[in-house]
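Colleague: Input my_file_19.pdb, format and content: PDB, C-alpha atoms and all ligand atoms.
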```
ATOM      1  CA  MET A 232      81.285 124.781  87.384
ATOM      2  CA  ARG A 233      78.531 122.173  87.709
ATOM      3  CA  ILE A 234      77.130 121.573  91.188
ATOM      4  CA  TRP A 235      74.815 118.864  92.497
ATOM      5  CA  VAL A 236      71.878 120.376  94.373
ATOM      6  CA  ASN A 237      69.019 118.276  95.709
ATOM      7  CA  GLY A 238      68.777 115.604  93.064
ATOM      8  CA  GLY A 239      70.536 116.935  89.986
ATOM      9  CA  LEU A 240      73.470 118.735  88.419
ATOM     10  CA  ARG A 241      73.095 122.464  87.828
ATOM     11  CA  ASP A 242      75.306 125.223  86.508
ATOM     12  CA  ALA A 243      76.763 127.145  89.444
ATOM     13  CA  ASP A 244      74.636 130.216  88.535
ATOM     14  CA  ASP A 245      71.423 128.190  88.658
ATOM     15  CA  ALA A 246      72.242 126.119  91.744
ATOM     16  CA  ARG A 247      69.766 127.295  94.380
ATOM     17  CA  LEU A 248      68.848 126.549  97.970
ATOM     18  CA  SER A 249      66.159 128.279  99.984
ATOM     19  CA  VAL A 250      67.342 131.434 101.745
ATOM     20  CA  LEU A 251      65.573 129.951 104.765
ATOM     21  CA  ASP A 252      67.663 126.781 104.730
ATOM     22  CA  HIS A 253      68.381 125.948 108.379
ATOM     23  CA  GLY A 254      72.020 125.387 107.442
ATOM     24  CA  LEU A 255      72.255 129.059 106.453
ATOM     25  CA  THR A 256      70.128 130.617 109.189
ATOM     26  CA  VAL A 257      71.512 128.700 112.179
ATOM     27  CA  GLY A 258      74.386 126.573 110.880
ATOM     28  CA  ASP A 259      72.409 123.339 111.226
ATOM     29  CA  GLY A 260      74.403 121.341 108.704
ATOM     30  CA  ILE A 261      77.334 119.013 108.257
ATOM     31  CA  PHE A 262      79.975 118.588 105.603
ATOM     32  CA  GLU A 263      82.856 116.546 104.297
ATOM     33  CA  THR A 264      85.802 117.591 102.155
ATOM     34  CA  VAL A 265      87.184 114.794 100.019
ATOM     35  CA  ARG A 266      90.383 114.977  97.977
ATOM     36  CA  THR A 267      90.203 113.815  94.355
ATOM     37  CA  SER A 268      93.218 112.970  92.204
ATOM     38  CA  GLU A 269      92.721 112.542  88.471
ATOM     39  CA  GLY A 270      89.010 112.137  89.055
ATOM     40  CA  ARG A 271      89.269 109.541  91.806
ATOM     41  CA  PRO A 272      88.142 110.321  95.353
ATOM     42  CA  PHE A 273      90.387 109.296  98.243
ATOM     43  CA  ALA A 274      88.963 107.509 101.312
ATOM     44  CA  LEU A 275      85.367 108.187 100.269
ATOM     45  CA  THR A 276      83.954 105.374 102.413
ATOM     46  CA  ARG A 277      85.527 106.800 105.580
ATOM     47  CA  HIS A 278      84.199 110.261 104.679
ATOM     48  CA  LEU A 279      80.683 108.902 104.149
ATOM     49  CA  ASP A 280      80.835 107.028 107.471
ATOM     50  CA  ARG A 281      81.761 110.272 109.218
ATOM     51  CA  LEU A 282      79.003 112.139 107.326
ATOM     52  CA  THR A 283      76.474 109.666 108.745
ATOM     53  CA  ARG A 284      77.966 109.950 112.258
ATOM     54  CA  SER A 285      77.805 113.749 112.058
ATOM     55  CA  ALA A 286      74.184 113.632 110.812
ATOM     56  CA  ARG A 287      73.169 111.398 113.723
ATOM     57  CA  GLY A 288      75.027 113.608 116.208
ATOM     58  CA  LEU A 289      73.177 116.656 114.931
ATOM     59  CA  GLY A 290      69.814 114.862 114.779
ATOM     60  CA  LEU A 291      69.531 115.095 110.985
ATOM     61  CA  PRO A 292      68.093 112.136 109.059
ATOM     62  CA  ASP A 293      70.743 109.724 107.776
ATOM     63  CA  PRO A 294      72.002 110.898 104.381
ATOM     64  CA  ASP A 295      71.198 108.576 101.460
ATOM     65  CA  LEU A 296      74.754 107.421 100.802
ATOM     66  CA  ASP A 297      73.882 105.935  97.404
ATOM     67  CA  GLU A 298      72.689 109.354  96.337
ATOM     68  CA  VAL A 299      75.796 111.008  97.789
ATOM     69  CA  ARG A 300      78.016 108.566  95.859
ATOM     70  CA  ARG A 301      76.019 109.194  92.659
ATOM     71  CA  ALA A 302      76.257 112.949  93.198
ATOM     72  CA  ALA A 303      80.005 112.775  93.867
ATOM     73  CA  ALA A 304      80.597 110.734  90.702
ATOM     74  CA  ALA A 305      78.493 113.129  88.602
ATOM     75  CA  VAL A 306      80.245 116.222  89.959
ATOM     76  CA  ILE A 307      83.697 114.694  89.493
ATOM     77  CA  ASP A 308      82.808 113.774  85.891
ATOM     78  CA  ALA A 309      81.419 117.223  85.144
ATOM     79  CA  ASN A 310      84.412 119.136  86.566
ATOM     80  CA  PRO A 311      87.640 117.485  85.432
ATOM     81  CA  VAL A 312      90.640 118.741  87.445
ATOM     82  CA  PRO A 313      93.961 117.048  88.286
ATOM     83  CA  LEU A 314      93.645 117.661  92.026
ATOM     84  CA  GLY A 315      90.245 118.498  93.441
ATOM     85  CA  ARG A 316      88.403 119.426  96.600
ATOM     86  CA  LEU A 317      85.019 117.737  96.639
ATOM     87  CA  ARG A 318      82.734 119.365  99.150
ATOM     88  CA  ILE A 319      79.658 117.489 100.363
ATOM     89  CA  THR A 320      77.273 119.675 102.357
ATOM     90  CA  TYR A 321      74.134 118.314 104.004
ATOM     91  CA  THR A 322      71.878 120.692 105.886
ATOM     92  CA  GLY A 323      68.626 120.855 107.799
ATOM     93  CA  GLY A 324      66.791 122.203 104.753
ATOM     94  CA  LEU A 325      64.040 124.805 104.446
ATOM     95  CA  ALA A 326      62.742 125.893 107.841
ATOM     96  CA  PRO A 327      60.342 128.734 108.737
ATOM     97  CA  LEU A 328      62.091 131.361 110.881
ATOM     98  CA  GLY A 329      62.153 130.316 114.521
ATOM     99  CA  SER A 330      61.621 126.610 113.867
ATOM    100  CA  ASP A 331      63.831 124.078 115.563
ATOM    101  CA  ARG A 332      64.215 121.861 112.527
ATOM    102  CA  GLY A 333      64.026 121.957 108.757
ATOM    103  CA  THR A 334      60.558 121.050 107.512
ATOM    104  CA  GLY A 335      61.259 120.577 103.819
ATOM    105  CA  GLY A 336      63.676 117.657 104.139
ATOM    106  CA  PRO A 337      67.448 118.005 104.187
ATOM    107  CA  SER A 338      69.457 119.638 101.398
ATOM    108  CA  LEU A 339      72.385 117.933  99.692
ATOM    109  CA  VAL A 340      74.943 120.012  97.826
ATOM    110  CA  VAL A 341      78.044 118.523  96.222
ATOM    111  CA  ALA A 342      80.588 120.800  94.556
ATOM    112  CA  LEU A 343      84.171 120.479  93.409
ATOM    113  CA  ASP A 344      86.966 122.925  92.702
ATOM    114  CA  GLY A 345      90.541 122.478  91.582
ATOM    115  CA  VAL A 346      93.306 122.997  94.150
ATOM    116  CA  ASN A 347      97.094 123.193  94.044
ATOM    117  CA  ARG A 348      99.252 120.626  95.760
ATOM    118  CA  ARG A 349     100.106 122.002  99.186
ATOM    119  CA  PRO A 350     103.709 123.033  99.951
ATOM    120  CA  ASP A 351     105.732 120.467 101.939
ATOM    121  CA  THR A 352     106.089 122.802 104.929
ATOM    122  CA  THR A 353     104.029 125.555 106.496
ATOM    123  CA  ALA A 354     103.863 127.989 109.421
ATOM    124  CA  VAL A 355     101.279 127.793 112.221
ATOM    125  CA  ILE A 356     100.250 129.990 115.131
ATOM    126  CA  THR A 357      98.598 129.160 118.410
ATOM    127  CA  VAL A 358      95.439 130.998 119.422
ATOM    128  CA  PRO A 359      94.095 131.763 122.910
ATOM    129  CA  TRP A 360      90.567 130.573 122.089
ATOM    130  CA  THR A 361      89.628 127.058 123.160
ATOM    131  CA  ARG A 362      88.042 123.951 121.717
ATOM    132  CA  ASN A 363      85.395 122.634 124.077
ATOM    133  CA  GLU A 364      86.162 118.975 124.607
ATOM    134  CA  ARG A 365      82.849 118.578 126.455
ATOM    135  CA  GLY A 366      80.710 120.466 123.927
ATOM    136  CA  ALA A 367      77.615 119.059 122.236
ATOM    137  CA  LEU A 368      79.243 119.240 118.809
ATOM    138  CA  VAL A 369      82.533 117.596 119.669
ATOM    139  CA  GLY A 370      83.600 115.140 116.995
ATOM    140  CA  LEU A 371      80.939 116.296 114.524
ATOM    141  CA  LYS A 372      81.941 117.971 111.294
ATOM    142  CA  THR A 373      79.285 120.664 111.276
ATOM    143  CA  THR A 374      79.001 123.752 109.103
ATOM    144  CA  SER A 375      79.239 125.899 112.266
ATOM    145  CA  TYR A 376      82.817 126.856 111.422
ATOM    146  CA  ALA A 377      82.759 130.567 112.191
ATOM    147  CA  GLU A 378      85.248 130.180 115.064
ATOM    148  CA  ASN A 379      87.651 128.503 112.650
ATOM    149  CA  VAL A 380      87.194 131.317 110.154
ATOM    150  CA  VAL A 381      88.215 133.862 112.820
ATOM    151  CA  ALA A 382      91.232 131.812 113.931
ATOM    152  CA  LEU A 383      92.369 131.202 110.359
ATOM    153  CA  ALA A 384      92.150 134.924 109.592
ATOM    154  CA  ARG A 385      94.447 135.539 112.591
ATOM    155  CA  ALA A 386      96.873 132.945 111.224
ATOM    156  CA  ARG A 387      96.888 134.554 107.772
ATOM    157  CA  GLU A 388      97.612 137.980 109.316
ATOM    158  CA  ARG A 389     100.738 136.401 110.802
ATOM    159  CA  GLY A 390     101.885 134.735 107.596
ATOM    160  CA  ALA A 391     100.757 131.279 108.746
ATOM    161  CA  SER A 392      98.350 128.808 107.156
ATOM    162  CA  GLU A 393      96.892 127.257 110.276
ATOM    163  CA  ALA A 394      95.935 128.127 113.858
ATOM    164  CA  LEU A 395      96.220 125.571 116.655
ATOM    165  CA  PHE A 396      93.738 125.500 119.528
ATOM    166  CA  PRO A 397      94.147 124.305 123.106
ATOM    167  CA  ASN A 398      91.094 122.722 124.738
ATOM    168  CA  THR A 399      89.467 124.109 127.865
ATOM    169  CA  ALA A 400      92.037 122.250 130.038
ATOM    170  CA  ASP A 401      94.811 124.048 128.087
ATOM    171  CA  ARG A 402      95.898 120.793 126.409
ATOM    172  CA  LEU A 403      96.916 120.676 122.749
ATOM    173  CA  CYS A 404      93.867 119.912 120.574
ATOM    174  CA  GLU A 405      93.831 120.606 116.797
ATOM    175  CA  GLY A 406      93.918 123.198 114.037
ATOM    176  CA  THR A 407      91.012 124.952 112.315
ATOM    177  CA  GLY A 408      90.958 122.254 109.652
ATOM    178  CA  SER A 409      93.715 119.850 110.560
ATOM    179  CA  ASN A 410      95.061 117.566 113.277
ATOM    180  CA  VAL A 411      98.457 118.121 114.838
ATOM    181  CA  PHE A 412     101.336 115.727 115.492
ATOM    182  CA  VAL A 413     104.629 116.258 117.343
ATOM    183  CA  VAL A 414     107.868 114.285 117.354
ATOM    184  CA  LEU A 415     109.544 113.796 120.746
ATOM    185  CA  ASP A 416     112.692 111.681 121.048
ATOM    186  CA  GLY A 417     112.015 110.093 117.676
ATOM    187  CA  ARG A 418     108.443 109.050 118.517
ATOM    188  CA  ILE A 419     105.326 110.546 116.969
ATOM    189  CA  HIS A 420     102.459 111.713 119.200
ATOM    190  CA  THR A 421      99.057 113.250 118.515
ATOM    191  CA  PRO A 422      96.344 114.398 120.930
ATOM    192  CA  PRO A 423      93.632 111.784 121.619
ATOM    193  CA  VAL A 424      90.092 112.305 120.319
ATOM    194  CA  ALA A 425      89.135 112.953 123.987
ATOM    195  CA  SER A 426      91.037 116.261 123.654
ATOM    196  CA  GLY A 427      88.048 117.478 121.628
ATOM    197  CA  CYS A 428      89.678 117.246 118.216
ATOM    198  CA  LEU A 429      87.884 115.997 115.146
ATOM    199  CA  ALA A 430      88.572 112.330 114.426
ATOM    200  CA  GLY A 431      90.404 113.280 111.246
ATOM    201  CA  ILE A 432      90.525 110.652 108.537
ATOM    202  CA  THR A 433      94.116 111.543 107.646
ATOM    203  CA  ARG A 434      94.947 111.470 111.364
ATOM    204  CA  ALA A 435      93.563 107.930 111.680
ATOM    205  CA  LEU A 436      95.526 106.760 108.633
ATOM    206  CA  ALA A 437      98.708 108.443 109.873
ATOM    207  CA  VAL A 438      98.313 106.749 113.286
ATOM    208  CA  GLU A 439      97.702 103.383 111.623
ATOM    209  CA  TRP A 440     100.518 103.670 109.084
ATOM    210  CA  THR A 441     103.248 105.302 111.199
ATOM    211  CA  GLY A 442     102.508 103.850 114.633
ATOM    212  CA  ALA A 443     102.009 107.339 116.092
ATOM    213  CA  GLU A 444     100.808 107.329 119.698
ATOM    214  CA  GLU A 445      97.745 109.134 121.008
ATOM    215  CA  THR A 446      99.024 111.167 123.947
ATOM    216  CA  ASP A 447      97.552 113.901 126.095
ATOM    217  CA  LEU A 448      99.926 116.823 125.388
ATOM    218  CA  SER A 449     100.427 120.248 126.948
ATOM    219  CA  MET A 450     100.601 123.331 124.729
ATOM    220  CA  ASP A 451     104.254 123.688 125.862
ATOM    221  CA  VAL A 452     105.121 120.652 123.778
ATOM    222  CA  LEU A 453     105.116 122.958 120.755
ATOM    223  CA  ALA A 454     108.127 124.773 122.227
ATOM    224  CA  ASP A 455     110.032 121.520 122.812
ATOM    225  CA  ALA A 456     109.055 119.170 119.985
ATOM    226  CA  ASP A 457     111.822 118.165 117.573
ATOM    227  CA  GLU A 458     109.335 118.201 114.716
ATOM    228  CA  VAL A 459     105.702 119.186 114.240
ATOM    229  CA  PHE A 460     103.359 118.244 111.412
ATOM    230  CA  LEU A 461      99.727 118.611 110.402
ATOM    231  CA  THR A 462      97.351 116.152 108.784
ATOM    232  CA  SER A 463      94.192 116.820 106.803
ATOM    233  CA  THR A 464      92.431 115.750 103.661
ATOM    234  CA  LEU A 465      94.039 118.465 101.543
ATOM    235  CA  ARG A 466      97.374 118.641 103.347
ATOM    236  CA  ASP A 467      97.892 114.878 103.727
ATOM    237  CA  ILE A 468     100.968 115.142 105.988
ATOM    238  CA  GLN A 469     102.513 118.605 105.989
ATOM    239  CA  ALA A 470     105.592 119.572 108.008
ATOM    240  CA  VAL A 471     105.562 122.711 110.167
ATOM    241  CA  HIS A 472     108.594 125.023 109.898
ATOM    242  CA  ARG A 473     107.391 127.708 112.320
ATOM    243  CA  VAL A 474     105.170 127.712 115.409
ATOM    244  CA  ASP A 475     104.430 131.292 116.500
ATOM    245  CA  ASP A 476     107.965 132.789 116.752
ATOM    246  CA  ARG A 477     109.757 129.461 117.023
ATOM    247  CA  GLU A 478     111.592 128.460 113.838
ATOM    248  CA  LEU A 479     111.955 124.744 113.199
ATOM    249  CA  SER A 480     113.855 123.113 110.369
ATOM    250  CA  PRO A 481     112.954 124.740 107.010
ATOM    251  CA  GLU A 482     112.700 121.244 105.491
ATOM    252  CA  PRO A 483     110.586 118.387 106.858
ATOM    253  CA  GLY A 484     112.575 116.703 109.671
ATOM    254  CA  PRO A 485     113.634 113.059 109.271
ATOM    255  CA  VAL A 486     110.694 111.526 111.151
ATOM    256  CA  THR A 487     108.147 113.708 109.353
ATOM    257  CA  ALA A 488     109.775 113.081 105.968
ATOM    258  CA  LYS A 489     109.543 109.336 106.576
ATOM    259  CA  ALA A 490     105.880 109.635 107.615
ATOM    260  CA  MET A 491     105.184 111.648 104.431
ATOM    261  CA  ARG A 492     106.803 108.943 102.292
ATOM    262  CA  ILE A 493     104.864 106.162 103.996
ATOM    263  CA  PHE A 494     101.618 108.088 103.645
ATOM    264  CA  ASP A 495     102.145 108.858  99.941
ATOM    265  CA  GLU A 496     102.981 105.252  99.204
ATOM    266  CA  ARG A 497     100.095 103.707 101.138
ATOM    267  CA  ALA A 498      97.546 106.267  99.921
ATOM    268  CA  GLY A 499      98.771 105.836  96.342
ATOM    269  CA  ASN A 500      98.251 102.075  96.544
ATOM    270  CA  ASP A 501      94.820 102.110  98.140
ATOM    271  CA  LEU A 502      92.306 104.812  97.244
ATOM    272  CA  ASP A 503      89.709 103.675  99.788
ATOM    273  CA  PRO A 504      91.721 102.505 102.802
TER     274      PRO A 504
HETATM  275  N1  LIG A 601      90.050 119.107 112.447
HETATM  276  C1  LIG A 601      89.106 119.899 111.897
HETATM  277  C2  LIG A 601      88.417 120.908 112.755
HETATM  278  C3  LIG A 601      88.783 119.767 110.543
HETATM  279  O1  LIG A 601      87.853 120.546 110.002
HETATM  280  C4  LIG A 601      89.479 118.819 109.763
HETATM  281  C5  LIG A 601      89.201 118.648 108.334
HETATM  282  O2  LIG A 601      88.541 119.367 107.697
HETATM  283  C6  LIG A 601      90.458 118.033 110.363
HETATM  284  C7  LIG A 601      90.709 118.187 111.715
HETATM  285  C8  LIG A 601      91.213 117.006 109.567
HETATM  286  O3  LIG A 601      90.357 115.936 109.202
HETATM  287  P1  LIG A 601      90.543 115.112 107.865
HETATM  288  O4  LIG A 601      91.877 114.460 107.927
HETATM  289  O5  LIG A 601      89.422 114.126 107.917
HETATM  290  O6  LIG A 601      90.437 116.065 106.726
END
```
Give the structure from this file in structure tokens form.
Ligand code: PLP
Modeller:
Amino acid sequence: MRIWVNGGLRDADDARLSVLDHGLTVGDGIFETVRTSEGRPFALTRHLDRLTRSARGLGLPDPDLDEVRRAAAAVIDANPVPLGRLRITYTGGLAPLGSDRGTGGPSLVVALDGVNRRPDTTAVITVPWTRNERGALVGLKTTSYAENVVALARARERGASEALFPNTADRLCEGTGSNVFVVLDGRIHTPPVASGCLAGITRALAVEWTGAEETDLSMDVLADADEVFLTSTLRDIQAVHRVDDRELSPEPGPVTAKAMRIFDERAGNDLDP
């Protein structure tokens, strides 16, 4: 595997960052995951916009987007895979212990690995921990993902692939790495960004392309919804067949199936929507 680290491509074994990188010592970093199909990234411009927004939110210097595009192209070229996960990580950089900020300039790492196409349906659990809709990091895609790691491990223990969080007001928020949608009386709803969820790029496209409504939802909606689905860069739209102990249809329901078709068609026709 060839990885871009601070200005050039390196073999994975020689790709090095300082052990005092602020991203490692305190989680002062941001990232984007971009899907690639046959060497072409999907929605790269939206991902780079969010990377810049996250950098500003965290007080990091704006990333040089020309360099990020060059790095992404080089990594995609060097690692040919049919379906890929391109990971762009941008951190505070080298910082003496105890310092508030990196002093050596930010670090840019771009890597890519091959992934399998996700199954059409999946199981999810709900977790008792909360997203903080009033937190300083809300809406930023930071590398401080340890809470998601814990929640995802809980999901895996229960044979599920995703864990859904309420926010501090006990309203439905999002998954560890996905946004959530429900179908009620034939209409599609998803929690608003004010719930504390990440402004997912797939979420925004699904709202635009399916006419889904942004609605403040209680956690109980998961017990009543006719259909539930997730959106994320690597899942696109993925139907949910189980929420905790509640079994839903084993196949994507009619509204979800239609949303999946619309998404595949629109995304197939426009790689940078
Ligand atoms: N919510 C969280 C916490 C995420 O980490 C992600 C993606 O990684 C999403 C939602 C979905 O966002 P996107 O569709 O941009 O991948």
Colleague: Any chance you could resolve the PyMOL selection byres (((not hetatm)) within 8 of (chain A and resi 601)) against this file and give the residues as an mmCIF file with C-alpha atoms, keeping the file's coordinate frame?
Modeller:
```cif
data_model
loop_
_atom_site.group_PDB
_atom_site.id
_atom_site.type_symbol
_atom_site.label_atom_id
_atom_site.label_comp_id
_atom_site.auth_asym_id
_atom_site.auth_seq_id
_atom_site.Cartn_x
_atom_site.Cartn_y
_atom_site.Cartn_z
ATOM 1 C CA GLU A 263 82.856 116.546 104.297
ATOM 2 C CA THR A 264 85.802 117.591 102.155
ATOM 3 C CA VAL A 265 87.184 114.794 100.019
ATOM 4 C CA HIS A 278 84.199 110.261 104.679
ATOM 5 C CA LYS A 372 81.941 117.971 111.294
ATOM 6 C CA ASN A 379 87.651 128.503 112.650
ATOM 7 C CA GLU A 405 93.831 120.606 116.797
ATOM 8 C CA GLY A 406 93.918 123.198 114.037
ATOM 9 C CA THR A 407 91.012 124.952 112.315
ATOM 10 C CA GLY A 408 90.958 122.254 109.652
ATOM 11 C CA SER A 409 93.715 119.850 110.560
ATOM 12 C CA ASN A 410 95.061 117.566 113.277
ATOM 13 C CA CYS A 428 89.678 117.246 118.216
ATOM 14 C CA LEU A 429 87.884 115.997 115.146
ATOM 15 C CA ALA A 430 88.572 112.330 114.426
ATOM 16 C CA GLY A 431 90.404 113.280 111.246
ATOM 17 C CA ILE A 432 90.525 110.652 108.537
ATOM 18 C CA THR A 433 94.116 111.543 107.646
ATOM 19 C CA ARG A 434 94.947 111.470 111.364
ATOM 20 C CA ALA A 435 93.563 107.930 111.680
ATOM 21 C CA THR A 462 97.351 116.152 108.784
ATOM 22 C CA SER A 463 94.192 116.820 106.803
ATOM 23 C CA THR A 464 92.431 115.750 103.661
ATOM 24 C CA LEU A 465 94.039 118.465 101.543
ATOM 25 C CA ASP A 467 97.892 114.878 103.727
#
```
Colleague: When you draw a straight line from CA of Arg266 in chain A to CA of Ala391 in chain A, how long is it in Å?
Modeller: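 Answer for the CA of Arg266 in chain A to CA of Ala391 in chain A separation: 22.1 Å.
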Colleague: Considering all atoms listed in the file, state which residue in the set A:Val424, A:Ala456, A:Ile319, A:Ile468 is at the smallest distance from Arg492 in chain A.
Modeller: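 When distances to Arg492 in chain A are compared using all atoms listed in the file, the smallest one comes from A:Ile468.
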Colleague: Kindly indicate which residue among A:Leu289, A:Leu383, A:Ala309, A:Leu255 lies nearest to Asp242 in chain A, using all atoms listed in the file for the distances.
Modeller: A:Ala309
Colleague: Give me the range 355-433 of chain A side of the contact with range 478-481 of chain A, cut-off 12 Å, one line per residue showing its nearest atom pair and distance in Å at one decimal, counting only C-alpha atoms, sorted by chain and residue number, as JSON lines.
Modeller:
```
{"residue": "A:Val355", "atom": "CA", "partner": "A:Glu478", "partner_atom": "CA", "distance": 10.5}
{"residue": "A:Ile356", "atom": "CA", "partner": "A:Glu478", "partner_atom": "CA", "distance": 11.5}
{"residue": "A:Val413", "atom": "CA", "partner": "A:Leu479", "partner_atom": "CA", "distance": 12.0}
{"residue": "A:Val414", "atom": "CA", "partner": "A:Leu479", "partner_atom": "CA", "distance": 12.0}
```
Colleague: If you apply the PyMOL selection byres (((chain A and resi 279) around 12) and not hetatm) to this file, what residues do you get, as JSON, numbers by chain?
Modeller: {"A": [261, 262, 263, 264, 265, 272, 273, 274, 275, 276, 277, 278, 280, 281, 282, 283, 284, 285, 286, 293, 294, 295, 296, 297, 298, 299, 300, 303, 318, 319, 320, 321, 372, 432, 503]}
Colleague: Please identify all polymer residues within 12 Å of Asn310 in chain A, counting only C-alpha atoms, omitting same-chain residues fewer than 6 positions from it, and present them as a VMD selection string.
Modeller: chain A and resid 232 to 235 240 to 243 267 269 to 271 303 to 304 316 to 317 341 to 345
Colleague: From the options A:Arg497, A:Arg477, A:Lys489, A:Arg466, which residue's atoms come nearest to Glu393 in chain A, counting only C-alpha atoms?
Modeller: A:Arg466
Colleague: As an exercise, work out the distance from CA of Gly427 in chain A to CA of Gly442 in chain A in Å and give it to one decimal place.
Modeller: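 Between CA of Gly427 in chain A and CA of Gly442 in chain A the gap works out to 21.1 Å.
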Colleague: Please evaluate the PyMOL selection byres (((chain A and resi 420) around 8) and not hetatm) against the displayed coordinates and give the resulting residues as a list in words.
Modeller: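 Output of the PyMOL selection byres (((chain A and resi 420) around 8) and not hetatm): Phe412, Val413, Val414, Leu415, Arg418, Ile419, Thr421, Pro422, Ala443, Glu444, Glu445 and Thr446 of chain A.
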Colleague: Take CA of Leu395 in chain A and CA of Ala498 in chain A and report the distance between them in Å, one decimal.
Modeller: 25.6 Å
Colleague: List every protein, DNA or RNA residue that has an atom no more than 12 Å from (112.8, 121.1, 103.0) in the file's coordinate frame, counting all atoms listed in the file, and report them as a compact mmCIF listing (two decimals) with C-alpha atoms, in the coordinates of the input.
Modeller:
```txt
# COMPACT_ATOMS: atom_id res chain seq x y z
CA PRO A 350 103.71 123.03 99.95
CA ASP A 351 105.73 120.47 101.94
CA THR A 352 106.09 122.80 104.93
CA THR A 353 104.03 125.56 106.50
CA GLN A 469 102.51 118.60 105.99
CA ALA A 470 105.59 119.57 108.01
CA VAL A 471 105.56 122.71 110.17
CA HIS A 472 108.59 125.02 109.90
CA LEU A 479 111.96 124.74 113.20
CA SER A 480 113.86 123.11 110.37
CA PRO A 481 112.95 124.74 107.01
CA GLU A 482 112.70 121.24 105.49
CA PRO A 483 110.59 118.39 106.86
CA GLY A 484 112.58 116.70 109.67
CA PRO A 485 113.63 113.06 109.27
CA THR A 487 108.15 113.71 109.35
CA ALA A 488 109.78 113.08 105.97
```
Colleague: Using all atoms listed in the file, pick whichever of A:Thr441, A:Asn398, A:Ser268, A:Asn347 has the shortest atom-to-atom distance to Ile493 in chain A.
Modeller: A:Thr441
Colleague: So which one's closest to Pro337 in chain A, A:Leu436, A:Leu314, A:Leu291, A:Leu502? Using all atoms listed in the file, please.
Modeller: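 Answer, going by the shortest atom-to-atom distance: A:Leu291.
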Colleague: Just add N, CA, C and O atoms to range 477-488 of chain A and send it as a PDB file, in the frame of the given file.
Modeller:
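Below you can see result_32.pdb, which holds the result:
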```
ATOM      1  N   ARG A 477     108.719 130.503 116.977  1.00  0.00           N
ATOM      2  CA  ARG A 477     109.757 129.461 117.023  1.00  0.00           C
ATOM      3  C   ARG A 477     109.999 128.882 115.621  1.00  0.00           C
ATOM      4  O   ARG A 477     109.088 128.338 114.997  1.00  0.00           O
ATOM      5  N   GLU A 478     111.234 129.019 115.155  1.00  0.00           N
ATOM      6  CA  GLU A 478     111.592 128.460 113.838  1.00  0.00           C
ATOM      7  C   GLU A 478     112.044 127.018 114.035  1.00  0.00           C
ATOM      8  O   GLU A 478     112.904 126.735 114.868  1.00  0.00           O
ATOM      9  N   LEU A 479     111.466 126.122 113.238  1.00  0.00           N
ATOM     10  CA  LEU A 479     111.955 124.744 113.199  1.00  0.00           C
ATOM     11  C   LEU A 479     112.706 124.570 111.888  1.00  0.00           C
ATOM     12  O   LEU A 479     112.881 125.524 111.131  1.00  0.00           O
ATOM     13  N   SER A 480     113.104 123.347 111.597  1.00  0.00           N
ATOM     14  CA  SER A 480     113.855 123.113 110.369  1.00  0.00           C
ATOM     15  C   SER A 480     113.044 123.583 109.153  1.00  0.00           C
ATOM     16  O   SER A 480     111.834 123.331 109.078  1.00  0.00           O
ATOM     17  N   PRO A 481     113.687 124.268 108.193  1.00  0.00           N
ATOM     18  CA  PRO A 481     112.954 124.740 107.010  1.00  0.00           C
ATOM     19  C   PRO A 481     112.464 123.590 106.120  1.00  0.00           C
ATOM     20  O   PRO A 481     111.526 123.751 105.346  1.00  0.00           O
ATOM     21  N   GLU A 482     113.118 122.437 106.251  1.00  0.00           N
ATOM     22  CA  GLU A 482     112.700 121.244 105.491  1.00  0.00           C
ATOM     23  C   GLU A 482     112.014 120.285 106.464  1.00  0.00           C
ATOM     24  O   GLU A 482     112.306 120.310 107.665  1.00  0.00           O
ATOM     25  N   PRO A 483     111.160 119.388 105.954  1.00  0.00           N
ATOM     26  CA  PRO A 483     110.586 118.387 106.858  1.00  0.00           C
ATOM     27  C   PRO A 483     111.700 117.629 107.578  1.00  0.00           C
ATOM     28  O   PRO A 483     112.685 117.226 106.949  1.00  0.00           O
ATOM     29  N   GLY A 484     111.575 117.459 108.908  1.00  0.00           N
ATOM     30  CA  GLY A 484     112.575 116.703 109.671  1.00  0.00           C
ATOM     31  C   GLY A 484     112.538 115.231 109.264  1.00  0.00           C
ATOM     32  O   GLY A 484     111.608 114.796 108.567  1.00  0.00           O
ATOM     33  N   PRO A 485     113.520 114.444 109.744  1.00  0.00           N
ATOM     34  CA  PRO A 485     113.634 113.059 109.271  1.00  0.00           C
ATOM     35  C   PRO A 485     112.414 112.192 109.596  1.00  0.00           C
ATOM     36  O   PRO A 485     111.978 111.403 108.753  1.00  0.00           O
ATOM     37  N   VAL A 486     111.839 112.371 110.781  1.00  0.00           N
ATOM     38  CA  VAL A 486     110.694 111.526 111.151  1.00  0.00           C
ATOM     39  C   VAL A 486     109.467 111.926 110.317  1.00  0.00           C
ATOM     40  O   VAL A 486     108.724 111.081 109.797  1.00  0.00           O
ATOM     41  N   THR A 487     109.279 113.227 110.159  1.00  0.00           N
ATOM     42  CA  THR A 487     108.147 113.708 109.353  1.00  0.00           C
ATOM     43  C   THR A 487     108.309 113.288 107.895  1.00  0.00           C
ATOM     44  O   THR A 487     107.351 112.835 107.252  1.00  0.00           O
ATOM     45  N   ALA A 488     109.532 113.427 107.380  1.00  0.00           N
ATOM     46  CA  ALA A 488     109.775 113.081 105.968  1.00  0.00           C
ATOM     47  C   ALA A 488     109.453 111.602 105.741  1.00  0.00           C
ATOM     48  O   ALA A 488     108.849 111.233 104.726  1.00  0.00           O
TER      49      ALA A 488
END
```
